[in-house]
file structure-v5.csv (CSV, C-alpha atoms and all ligand atoms)
chain,number,residue,atom,x,y,z
H,1,MET,CA,-21.8,28.1,4.2
H,2,ILE,CA,-21.7,30.8,1.5
H,3,PRO,CA,-22.5,29.4,-1.9
H,4,LEU,CA,-20.0,30.3,-4.6
H,5,ILE,CA,-22.8,31.9,-6.6
H,6,GLU,CA,-23.6,34.2,-3.7
H,7,LYS,CA,-20.0,35.2,-3.1
H,8,TYR,CA,-19.4,36.2,-6.7
H,9,ARG,CA,-22.9,37.0,-7.7
H,10,ASP,CA,-21.9,40.3,-9.4
H,11,PHE,CA,-19.7,38.3,-11.9
H,12,LEU,CA,-22.2,35.5,-12.7
H,13,PRO,CA,-25.2,35.4,-15.0
H,14,VAL,CA,-27.7,34.7,-12.2
H,15,THR,CA,-30.8,36.7,-11.1
H,16,ALA,CA,-33.1,36.6,-8.1
H,17,ALA,CA,-35.0,34.0,-10.0
H,18,THR,CA,-32.1,31.6,-10.2
H,19,PRO,CA,-32.5,28.7,-7.7
H,20,VAL,CA,-29.0,28.3,-6.2
H,21,VAL,CA,-28.0,24.7,-6.0
H,22,SER,CA,-25.0,24.6,-3.8
H,23,LEU,CA,-22.9,22.1,-1.8
H,24,GLY,CA,-20.5,24.7,-0.4
H,25,GLU,CA,-18.1,24.7,-3.3
H,26,GLY,CA,-15.2,27.0,-3.7
H,27,GLY,CA,-13.2,28.8,-1.0
H,28,THR,CA,-10.4,26.2,-1.5
H,29,PRO,CA,-7.1,26.8,0.2
H,30,LEU,CA,-4.2,28.5,-1.6
H,31,VAL,CA,-1.4,26.5,0.1
H,32,PRO,CA,2.2,27.8,0.1
H,33,LEU,CA,4.7,25.2,-1.0
H,34,PRO,CA,7.8,26.2,1.0
H,35,ARG,CA,10.1,23.3,0.0
H,36,LEU,CA,9.4,23.7,-3.7
H,37,SER,CA,9.7,27.5,-3.5
H,38,GLU,CA,13.1,27.2,-1.8
H,39,ARG,CA,14.3,24.8,-4.4
H,40,LEU,CA,13.2,26.9,-7.4
H,41,GLY,CA,13.8,30.4,-6.1
H,42,VAL,CA,10.2,31.4,-6.8
H,43,SER,CA,7.1,31.7,-4.5
H,44,VAL,CA,4.9,28.6,-5.3
H,45,HIS,CA,1.4,28.1,-4.1
H,46,ALA,CA,-1.0,25.3,-4.8
H,47,LYS,CA,-4.7,26.1,-5.4
H,48,PHE,CA,-5.9,22.9,-3.9
H,49,GLU,CA,-9.2,22.2,-5.7
H,50,GLY,CA,-9.4,18.7,-4.2
H,51,MET,CA,-11.1,20.5,-1.3
H,52,ASN,CA,-14.3,21.1,-3.2
H,53,PRO,CA,-17.4,19.1,-2.1
H,54,THR,CA,-16.9,16.3,-4.7
H,55,GLY,CA,-13.1,16.6,-4.7
H,56,SER,CA,-12.4,18.5,-7.9
H,57,PHE,CA,-12.7,22.0,-9.4
H,58,LYS,CA,-15.6,20.7,-11.5
H,59,ASP,CA,-18.0,21.7,-8.7
H,60,ARG,CA,-17.4,25.4,-9.5
H,61,GLY,CA,-18.9,25.0,-12.9
H,62,MET,CA,-21.5,22.5,-11.8
H,63,THR,CA,-23.2,24.7,-9.2
H,64,MET,CA,-23.8,27.1,-12.1
H,65,ALA,CA,-24.8,24.6,-14.7
H,66,VAL,CA,-27.2,22.8,-12.5
H,67,SER,CA,-28.7,25.9,-11.0
H,68,LYS,CA,-29.3,27.3,-14.5
H,69,ALA,CA,-30.7,23.9,-15.7
H,70,VAL,CA,-33.3,24.0,-12.9
H,71,GLU,CA,-34.1,27.7,-13.6
H,72,GLU,CA,-34.7,26.7,-17.3
H,73,GLY,CA,-37.0,23.9,-16.3
H,74,ALA,CA,-34.8,20.9,-17.1
H,75,THR,CA,-35.6,17.7,-15.3
H,76,ALA,CA,-32.5,15.8,-16.4
H,77,VAL,CA,-28.8,16.4,-17.1
H,78,ILE,CA,-26.2,14.4,-19.0
H,79,CYS,CA,-22.4,14.6,-19.5
H,80,ALA,CA,-19.5,12.8,-21.0
H,81,SER,CA,-16.7,12.5,-18.5
H,82,THR,CA,-13.3,11.2,-17.7
H,83,GLY,CA,-14.6,10.9,-14.2
H,84,ASN,CA,-14.8,14.1,-12.2
H,85,THR,CA,-17.5,15.8,-14.3
H,86,SER,CA,-19.7,12.7,-13.7
H,87,ALA,CA,-19.0,12.7,-9.9
H,88,SER,CA,-19.9,16.4,-9.7
H,89,ALA,CA,-22.9,16.2,-12.0
H,90,ALA,CA,-24.2,13.3,-10.1
H,91,ALA,CA,-23.9,15.1,-6.7
H,92,TYR,CA,-25.4,18.4,-7.9
H,93,ALA,CA,-28.2,16.6,-9.7
H,94,ALA,CA,-29.0,14.6,-6.6
H,95,ARG,CA,-29.1,17.8,-4.6
H,96,ALA,CA,-31.5,19.4,-7.1
H,97,GLY,CA,-33.7,16.4,-7.6
H,98,LEU,CA,-32.8,16.0,-11.2
H,99,THR,CA,-32.1,12.7,-13.0
H,100,VAL,CA,-28.6,12.3,-14.4
H,101,ALA,CA,-26.9,10.1,-16.9
H,102,VAL,CA,-23.1,10.0,-17.3
H,103,VAL,CA,-21.2,8.5,-20.2
H,104,ILE,CA,-17.7,7.4,-19.5
H,105,PRO,CA,-14.9,5.8,-21.6
H,106,GLU,CA,-14.6,2.1,-20.9
H,107,GLY,CA,-12.2,1.1,-18.1
H,108,LYS,CA,-10.5,4.4,-17.8
H,109,ILE,CA,-12.2,6.0,-14.9
H,110,ALA,CA,-10.6,6.1,-11.4
H,111,ALA,CA,-12.3,4.1,-8.7
H,112,GLY,CA,-13.3,7.0,-6.5
H,113,LYS,CA,-15.0,8.9,-9.3
H,114,LEU,CA,-17.0,5.9,-10.4
H,115,ALA,CA,-18.1,5.3,-6.7
H,116,GLN,CA,-19.3,8.9,-6.5
H,117,ALA,CA,-21.4,8.7,-9.7
H,118,LEU,CA,-22.9,5.4,-8.6
H,119,VAL,CA,-23.7,6.4,-5.0
H,120,HIS,CA,-25.3,9.7,-6.0
H,121,GLY,CA,-27.7,7.6,-8.2
H,122,ALA,CA,-26.5,8.5,-11.7
H,123,LYS,CA,-27.2,6.2,-14.6
H,124,VAL,CA,-23.6,5.3,-15.5
H,125,LEU,CA,-23.0,4.2,-19.1
H,126,SER,CA,-19.6,2.9,-20.1
H,127,LEU,CA,-18.8,3.3,-23.8
H,128,ASP,CA,-16.6,1.1,-25.9
H,129,GLY,CA,-14.6,4.2,-26.9
H,130,SER,CA,-12.6,7.2,-25.8
H,131,PHE,CA,-13.7,10.4,-24.0
H,132,ASP,CA,-13.9,12.1,-27.3
H,133,ASP,CA,-16.4,9.4,-28.6
H,134,ALA,CA,-18.4,9.8,-25.4
H,135,LEU,CA,-18.6,13.6,-25.9
H,136,ARG,CA,-19.7,13.1,-29.5
H,137,VAL,CA,-22.5,10.8,-28.5
H,138,VAL,CA,-23.9,13.1,-25.7
H,139,ARG,CA,-23.8,16.1,-28.0
H,140,GLY,CA,-26.0,14.2,-30.4
H,141,LEU,CA,-28.4,13.1,-27.7
H,142,VAL,CA,-29.1,16.6,-26.4
H,143,GLU,CA,-30.1,17.5,-30.0
H,144,ARG,CA,-32.8,14.8,-29.8
H,145,HIS,CA,-34.0,15.3,-26.2
H,146,PRO,CA,-34.8,18.3,-23.9
H,147,ILE,CA,-32.0,17.4,-21.5
H,148,SER,CA,-29.3,19.7,-20.3
H,149,LEU,CA,-25.6,19.1,-21.3
H,150,VAL,CA,-23.3,19.8,-18.4
H,151,ASN,CA,-20.0,19.3,-20.0
H,152,SER,CA,-17.7,22.3,-20.2
H,153,LEU,CA,-19.2,23.1,-23.6
H,154,ASN,CA,-21.9,24.5,-21.4
H,155,GLU,CA,-21.0,28.2,-20.9
H,156,TYR,CA,-22.4,28.2,-17.4
H,157,ARG,CA,-19.6,25.7,-16.4
H,158,ILE,CA,-17.0,28.2,-17.7
H,159,ASP,CA,-18.7,31.1,-15.9
H,160,GLY,CA,-18.5,29.2,-12.6
H,161,GLN,CA,-15.0,28.0,-13.1
H,162,ARG,CA,-13.8,31.6,-13.5
H,163,THR,CA,-14.2,31.9,-9.7
H,164,GLY,CA,-11.0,30.0,-9.2
H,165,ALA,CA,-9.1,32.9,-10.7
H,166,PHE,CA,-11.1,35.4,-8.5
H,167,GLU,CA,-10.2,33.5,-5.3
H,168,VAL,CA,-6.5,33.4,-6.3
H,169,CYS,CA,-6.5,37.2,-6.7
H,170,ASP,CA,-8.4,37.7,-3.5
H,171,ASP,CA,-5.9,35.5,-1.6
H,172,LEU,CA,-2.7,37.0,-3.1
H,173,GLY,CA,-4.0,40.6,-3.3
H,174,ASP,CA,-3.4,40.5,-7.0
H,175,ALA,CA,-3.0,38.0,-9.8
H,176,PRO,CA,0.2,35.9,-9.7
H,177,ASP,CA,3.0,36.2,-12.2
H,178,VAL,CA,2.4,32.7,-13.5
H,179,LEU,CA,-0.4,30.1,-13.4
H,180,CYS,CA,0.4,26.5,-14.1
H,181,ILE,CA,-2.5,24.3,-14.9
H,182,PRO,CA,-3.3,20.8,-16.5
H,183,VAL,CA,-5.2,20.9,-19.7
H,184,GLY,CA,-7.6,18.2,-20.8
H,185,ASN,CA,-10.7,19.4,-22.7
H,186,ALA,CA,-9.2,22.9,-22.1
H,187,GLY,CA,-12.3,24.4,-20.4
H,188,ASN,CA,-10.6,25.2,-17.1
H,189,ILE,CA,-7.6,27.1,-18.5
H,190,SER,CA,-10.0,29.1,-20.7
H,191,ALA,CA,-12.1,29.9,-17.6
H,192,TYR,CA,-9.1,31.0,-15.6
H,193,TRP,CA,-8.1,33.4,-18.4
H,194,LEU,CA,-11.6,34.9,-18.6
H,195,GLY,CA,-11.7,35.1,-14.8
H,196,PHE,CA,-8.3,36.9,-14.5
H,197,ASN,CA,-9.4,39.4,-17.2
H,198,ALA,CA,-12.8,40.0,-15.7
H,199,TYR,CA,-11.2,40.7,-12.4
H,200,ARG,CA,-8.7,43.1,-13.8
H,201,GLU,CA,-11.4,44.9,-15.8
H,202,ALA,CA,-13.5,45.3,-12.6
H,203,GLU,CA,-10.3,46.7,-10.9
H,204,ARG,CA,-10.3,43.9,-8.3
H,205,SER,CA,-6.8,43.1,-9.5
H,206,ARG,CA,-4.1,45.0,-11.4
H,207,ARG,CA,-2.6,42.4,-13.8
H,208,VAL,CA,-3.1,39.0,-15.4
H,209,PRO,CA,-0.6,36.1,-15.2
H,210,ARG,CA,1.3,34.1,-17.8
H,211,LEU,CA,-0.6,30.9,-18.4
H,212,TYR,CA,1.4,27.7,-18.7
H,213,GLY,CA,-0.8,24.8,-19.7
H,214,PHE,CA,0.3,21.2,-19.5
H,215,GLN,CA,-0.8,18.1,-21.3
H,216,ALA,CA,0.3,14.5,-20.8
H,217,ALA,CA,2.8,13.5,-23.4
H,218,GLY,CA,0.5,10.7,-24.6
H,219,ALA,CA,-2.5,13.0,-24.9
H,220,ALA,CA,-1.0,16.3,-26.2
H,221,PRO,CA,-3.1,17.4,-29.2
H,222,LEU,CA,-2.4,21.1,-28.5
H,223,VAL,CA,1.3,20.6,-28.3
H,224,GLU,CA,1.3,18.5,-31.5
H,225,GLY,CA,-1.1,20.7,-33.3
H,226,ALA,CA,-3.5,17.9,-34.3
H,227,PRO,CA,-6.0,15.6,-32.6
H,228,VAL,CA,-4.6,12.4,-31.0
H,229,ALA,CA,-6.7,9.4,-32.0
H,230,ALA,CA,-5.8,7.1,-29.1
H,231,PRO,CA,-4.7,9.3,-26.2
H,232,GLU,CA,-2.9,7.4,-23.4
H,233,THR,CA,-1.7,8.6,-20.0
H,234,ILE,CA,-1.9,7.5,-16.3
H,235,ALA,CA,-3.5,10.9,-15.7
H,236,THR,CA,-7.0,9.8,-16.8
H,237,ALA,CA,-8.6,13.2,-16.1
H,238,ILE,CA,-6.6,14.7,-19.0
H,239,ARG,CA,-6.7,11.7,-21.3
H,240,ILE,CA,-8.3,13.7,-24.1
H,241,GLY,CA,-7.3,13.7,-27.8
H,242,ASN,CA,-9.5,16.4,-29.2
H,243,PRO,CA,-10.1,19.2,-26.7
H,244,ALA,CA,-13.4,21.0,-27.2
H,245,ARG,CA,-12.0,24.4,-26.2
H,246,GLY,CA,-8.5,23.9,-27.7
H,247,ASP,CA,-8.5,27.0,-29.9
H,248,GLN,CA,-9.8,29.2,-27.1
H,249,ALA,CA,-7.1,27.8,-24.7
H,250,MET,CA,-4.3,28.3,-27.3
H,251,ASP,CA,-5.4,32.0,-27.8
H,252,ALA,CA,-5.5,32.5,-24.0
H,253,MET,CA,-2.0,31.1,-23.5
H,254,ARG,CA,-0.6,33.1,-26.4
H,255,ASP,CA,-2.3,36.3,-25.3
H,256,SER,CA,-0.9,35.8,-21.8
H,257,GLY,CA,2.7,35.4,-22.9
H,258,GLY,CA,2.7,31.8,-21.7
H,259,GLY,CA,2.3,28.6,-23.7
H,260,VAL,CA,1.5,24.9,-23.8
H,261,SER,CA,3.9,22.0,-23.3
H,262,ALA,CA,3.8,18.3,-22.5
H,263,VAL,CA,4.9,16.3,-19.4
H,264,THR,CA,5.6,12.6,-19.4
H,265,ASP,CA,3.8,10.1,-17.2
H,266,SER,CA,7.0,9.6,-15.2
H,267,GLU,CA,7.4,13.3,-14.7
H,268,ILE,CA,3.8,13.5,-13.6
H,269,MET,CA,4.2,10.7,-11.1
H,270,GLU,CA,7.4,12.2,-9.7
H,271,ALA,CA,5.7,15.5,-9.0
H,272,TYR,CA,2.7,13.6,-7.5
H,273,ALA,CA,4.9,11.7,-5.1
H,274,MET,CA,7.0,14.8,-4.3
H,275,LEU,CA,3.9,16.8,-3.4
H,276,ALA,CA,2.6,14.1,-1.1
H,277,ALA,CA,5.9,13.2,0.5
H,278,THR,CA,7.4,16.7,1.0
H,279,GLU,CA,4.5,19.2,1.0
H,280,GLY,CA,1.8,17.0,2.5
H,281,ILE,CA,-0.6,17.5,-0.4
H,282,PHE,CA,-2.3,14.5,-2.0
H,283,CYS,CA,-3.6,15.4,-5.4
H,284,GLU,CA,-4.6,13.2,-8.3
H,285,PRO,CA,-2.1,12.4,-11.1
H,286,ALA,CA,-3.6,14.8,-13.6
H,287,SER,CA,-3.3,17.6,-11.1
H,288,ALA,CA,0.4,16.9,-10.6
H,289,ALA,CA,0.9,17.8,-14.3
H,290,SER,CA,0.9,21.4,-13.2
H,291,VAL,CA,3.8,20.9,-10.9
H,292,ALA,CA,5.7,18.6,-13.3
H,293,GLY,CA,5.2,21.3,-15.9
H,294,LEU,CA,6.4,24.1,-13.5
H,295,LEU,CA,9.7,22.1,-13.0
H,296,LYS,CA,10.1,21.8,-16.7
H,297,ARG,CA,9.4,25.5,-17.4
H,298,HIS,CA,11.8,26.4,-14.6
H,299,ALA,CA,14.6,24.2,-16.0
H,300,ALA,CA,14.0,25.9,-19.4
H,301,GLY,CA,14.6,29.3,-17.9
H,302,ASP,CA,11.0,30.5,-18.3
H,303,LEU,CA,10.6,31.8,-14.8
H,304,ASN,CA,12.2,34.9,-13.2
H,305,PRO,CA,13.7,34.7,-9.7
H,306,GLY,CA,11.1,35.7,-7.0
H,307,GLU,CA,8.1,35.4,-9.2
H,308,THR,CA,4.8,34.3,-7.7
H,309,VAL,CA,3.5,31.0,-9.2
H,310,VAL,CA,0.1,29.3,-8.6
H,311,CYS,CA,-0.2,25.6,-9.6
H,312,VAL,CA,-3.8,24.5,-9.8
H,313,LEU,CA,-4.2,21.1,-8.2
H,314,THR,CA,-7.4,20.2,-9.9
H,315,GLY,CA,-8.5,17.1,-7.9
H,316,HIS,CA,-8.0,15.1,-4.8
H,317,GLY,CA,-5.6,12.1,-4.6
H,318,LEU,CA,-8.3,10.0,-2.9
H,319,LYS,CA,-10.1,10.0,-6.3
H,320,ASP,CA,-7.6,7.4,-7.5
H,321,PRO,CA,-6.4,5.2,-4.7
H,322,ASP,CA,-5.3,2.4,-7.1
H,323,THR,CA,-2.7,4.6,-8.7
H,324,ALA,CA,-1.4,5.8,-5.3
H,325,ILE,CA,-1.0,2.2,-4.0
H,326,VAL,CA,0.5,0.7,-7.1
H,327,ASN,CA,3.2,3.4,-7.2
H,328,ALA,CA,4.1,3.3,-3.5
H,329,GLU,CA,6.3,1.1,-1.4
H,330,PRO,CA,4.4,-2.1,-0.5
H,331,VAL,CA,2.9,-2.6,3.0
H,332,ARG,CA,5.2,-4.7,5.2
H,333,ARG,CA,3.5,-7.7,6.9
H,334,LEU,CA,4.8,-8.7,10.4
H,335,SER,CA,3.8,-11.0,13.2
H,336,ALA,CA,2.2,-9.3,16.2
H,337,ASP,CA,5.4,-9.2,18.1
H,338,ILE,CA,7.1,-6.2,19.7
H,339,ASP,CA,10.6,-7.2,18.5
H,340,ALA,CA,9.6,-7.6,14.9
H,341,VAL,CA,7.8,-4.2,14.9
H,342,GLU,CA,10.7,-2.5,16.7
H,343,GLU,CA,13.1,-3.8,14.1
H,344,ALA,CA,10.8,-2.7,11.3
H,345,VAL,CA,10.2,0.8,12.8
H,346,PHE,CA,13.8,1.6,14.0
H,347,GLY,CA,15.9,-0.6,11.7
H,348,ASP,CA,16.8,0.4,8.2
Z,401,LIG,C1,-11.4,17.9,-15.7
Z,401,LIG,C2,-10.1,17.8,-15.1
Z,401,LIG,C3,-8.9,18.4,-15.7
Z,401,LIG,C4,-8.9,19.0,-17.0
Z,401,LIG,O1,-9.7,20.2,-17.1
Z,401,LIG,P1,-10.2,20.7,-18.5
Z,401,LIG,O2,-11.2,21.8,-18.2
Z,401,LIG,O3,-10.9,19.5,-19.2
Z,401,LIG,O4,-9.0,21.1,-19.3
Z,401,LIG,C5,-7.7,18.3,-15.0
Z,401,LIG,N1,-7.6,17.7,-13.8
Z,401,LIG,C6,-8.7,17.1,-13.2
Z,401,LIG,C7,-8.5,16.5,-11.9
Z,401,LIG,C8,-9.9,17.2,-13.8
Z,401,LIG,O5,-11.0,16.6,-13.3

call {"tool": "encode", "arguments": {"input": "structure-v5.csv", "output": "structure tokens"}}
result
Amino acid sequence: MIPLIEKYRDFLPVTAATPVVSLGEGGTPLVPLPRLSERLGVSVHAKFEGMNPTGSFKDRGMTMAVSKAVEEGATAVICASTGNTSASAAAYAARAGLTVAVVIPEGKIAAGKLAQALVHGAKVLSLDGSFDDALRVVRGLVERHPISLVNSLNEYRIDGQRTGAFEVCDDLGDAPDVLCIPVGNAGNISAYWLGFNAYREAERSRRVPRLYGFQAAGAAPLVEGAPVAAPETIATAIRIGNPARGDQAMDAMRDSGGGVSAVTDSEIMEAYAMLAATEGIFCEPASAASVAGLLKRHAAGDLNPGETVVCVLTGHGLKDPDTAIVNAEPVRRLSADIDAVEEAVFGD
């Protein structure tokens, strides 16, 4: 296992004194999507971040945030989360021997993410409010107590998440033409932009991609140009009405020649099912926003034939089994009889 921090040490704010807290994050596969590529006439790859230790890209930032928290003498960490940040914080805090509290919006966290936070021993606090309320509360708490905030407001999170861009460039031999990515609190898209630029400045790549960010239609403050008071979407990981890094993300998309747009829940679920059924990749609904968005941008004529596109699939489908099951064909129940099973398997 090579910790992410070791692999990209030259690009990260660590020293010999930084205790590296690692679970083997990063090094996720860049999977070609041949059927989608053929259909669209571009070369599409999925950066499958579900393959990180806790099943989402959050681990890239968390290895940095928790390592630096330990270096700075913290004994506890806290975050507000739509789910994956709490799963990741809980795992890395357990690894480092820190106590951890996670504050989540009531009833809106996928089952797998909740299970992770609980099993790693986090204090899980469910608020009667939205993610944005939860973030406001933890921001206040860290002013009152010497406890480290590991939301993506924490710059170390962003530093670590830039490594996603480094890996994409390493795998392709250069940056792609286009990066499609879901946007919630807007930390990840900001981190990718910083990463692509840092890599080009270091002459490890020659160009930077156009960034297309995608929000869910019911939670699209950047598209609408104003906070959304009651964000709503099946893609709970991006159910955010007032992104902390919204301005930074908008600048990044503009400077890259890309832009932000919205995809509906039904477009998200169509892309989610298509990825699983025709490409063999099971991502969570929020992640599928990147592919739903690619289809939309393609239909609008925003891609040139033959371009290289990377869709960031931010989290694993196993995070949210309920959504998978509810949206699939029901299981068929049969008697334990060969004729009945034969008919079910070979009949229509
Ligand atoms: C956190 C998360 C996002 C959104 O990332 P931001 O940095 O908040 O924009 C998207 N998808 C998944 C699966 C996530 O966990």

call {"tool": "atom_distance", "arguments": {"input": "structure-v5.csv", "atom1": "CA of Tyr212 in chain H", "atom2": "CA of Asp171 in chain H"}}
result
20.2 Å

call {"tool": "residues_near_ligand", "arguments": {"input": "structure-v5.csv", "ligand": "ligand LIG 401 (chain Z)", "cutoff": "8 Å", "atoms": "all atoms listed in the file", "output": "count of residues only"}}
result
29

call {"tool": "closest_residue", "arguments": {"input": "structure-v5.csv", "among": "H:Ser86, H:Gln248, H:Ser266, H:Thr54", "to": "Trp193 in chain H", "atoms": "only C-alpha atoms"}}
result
H:Gln248

call {"tool": "residues_around", "arguments": {"input": "structure-v5.csv", "residues": "range 90-98 of chain H", "least_positions_apart": "5", "cutoff": "10 Å", "atoms": "all atoms listed in the file", "output": "PyMOL selection string"}}
result
chain H and resi 19-23+53-54+59+62-67+69-70+74-79+84-85+116-124

call {"tool": "closest_residue", "arguments": {"input": "structure-v5.csv", "among": "H:Gly317, H:Gly195, H:Pro231, H:Gly257", "to": "Ala219 in chain H", "atoms": "all atoms listed in the file"}}
result
H:Pro231

call {"tool": "closest_residue", "arguments": {"input": "structure-v5.csv", "among": "H:Val142, H:Ala17, H:Leu294, H:Ala244", "to": "Gly213 in chain H", "atoms": "all atoms listed in the file"}}
result
H:Leu294

call {"tool": "residues_around", "arguments": {"input": "structure-v5.csv", "residues": "range 24-26 of chain H", "least_positions_apart": "2", "cutoff": "6 Å", "atoms": "all atoms listed in the file", "output": "number ranges by chain"}}
result
H: 1, 3-4, 22, 28, 52-53

call {"tool": "residues_around", "arguments": {"input": "structure-v5.csv", "residues": "Ala175 in chain H", "least_positions_apart": "4", "cutoff": "6 Å", "atoms": "only C-alpha atoms", "output": "list of chain:residue names"}}
result
H:Cys169, H:Arg207, H:Val208

call {"tool": "closest_residue", "arguments": {"input": "structure-v5.csv", "among": "H:Ala226, H:Glu167, H:Ala328, H:Val14", "to": "Ala276 in chain H", "atoms": "only C-alpha atoms"}}
result
H:Ala328

call {"tool": "closest_residue", "arguments": {"input": "structure-v5.csv", "among": "H:Ala115, H:Leu318, H:Val103, H:Asp265", "to": "Ile281 in chain H", "atoms": "only C-alpha atoms"}}
result
H:Leu318

call {"tool": "atom_distance", "arguments": {"input": "structure-v5.csv", "atom1": "CA of Pro330 in chain H", "atom2": "CA of Ala235 in chain H"}}
result
21.5 Å

call {"tool": "residues_around", "arguments": {"input": "structure-v5.csv", "residues": "Leu33 in chain H", "least_positions_apart": "6", "cutoff": "8 Å", "atoms": "all atoms listed in the file", "output": "PyMOL selection string"}}
result
chain H and resi 43-46+279

call {"tool": "atom_distance", "arguments": {"input": "structure-v5.csv", "atom1": "CA of Leu194 in chain H", "atom2": "CA of Pro32 in chain H"}}
result
24.3 Å

call {"tool": "closest_residue", "arguments": {"input": "structure-v5.csv", "among": "H:Ile240, H:Val100, H:Ile325, H:Leu211", "to": "Ala252 in chain H", "atoms": "all atoms listed in the file"}}
result
H:Leu211

call {"tool": "residues_around", "arguments": {"input": "structure-v5.csv", "residues": "Ser126 in chain H", "least_positions_apart": "5", "cutoff": "8 Å", "atoms": "all atoms listed in the file", "output": "list of chain:residue names"}}
result
H:Val103, H:Ile104, H:Pro105, H:Glu106, H:Gly107

call {"tool": "axis_aligned_box", "arguments": {"input": "structure-v5.csv", "around": "range 288-301 of chain H", "padding_each_side": "3 Å", "output": "lines of an AutoDock Vina configuration file"}}
result
center_x = 7.5
center_y = 23.1
center_z = -15.0
size_x = 20.2
size_y = 18.4
size_z = 14.8
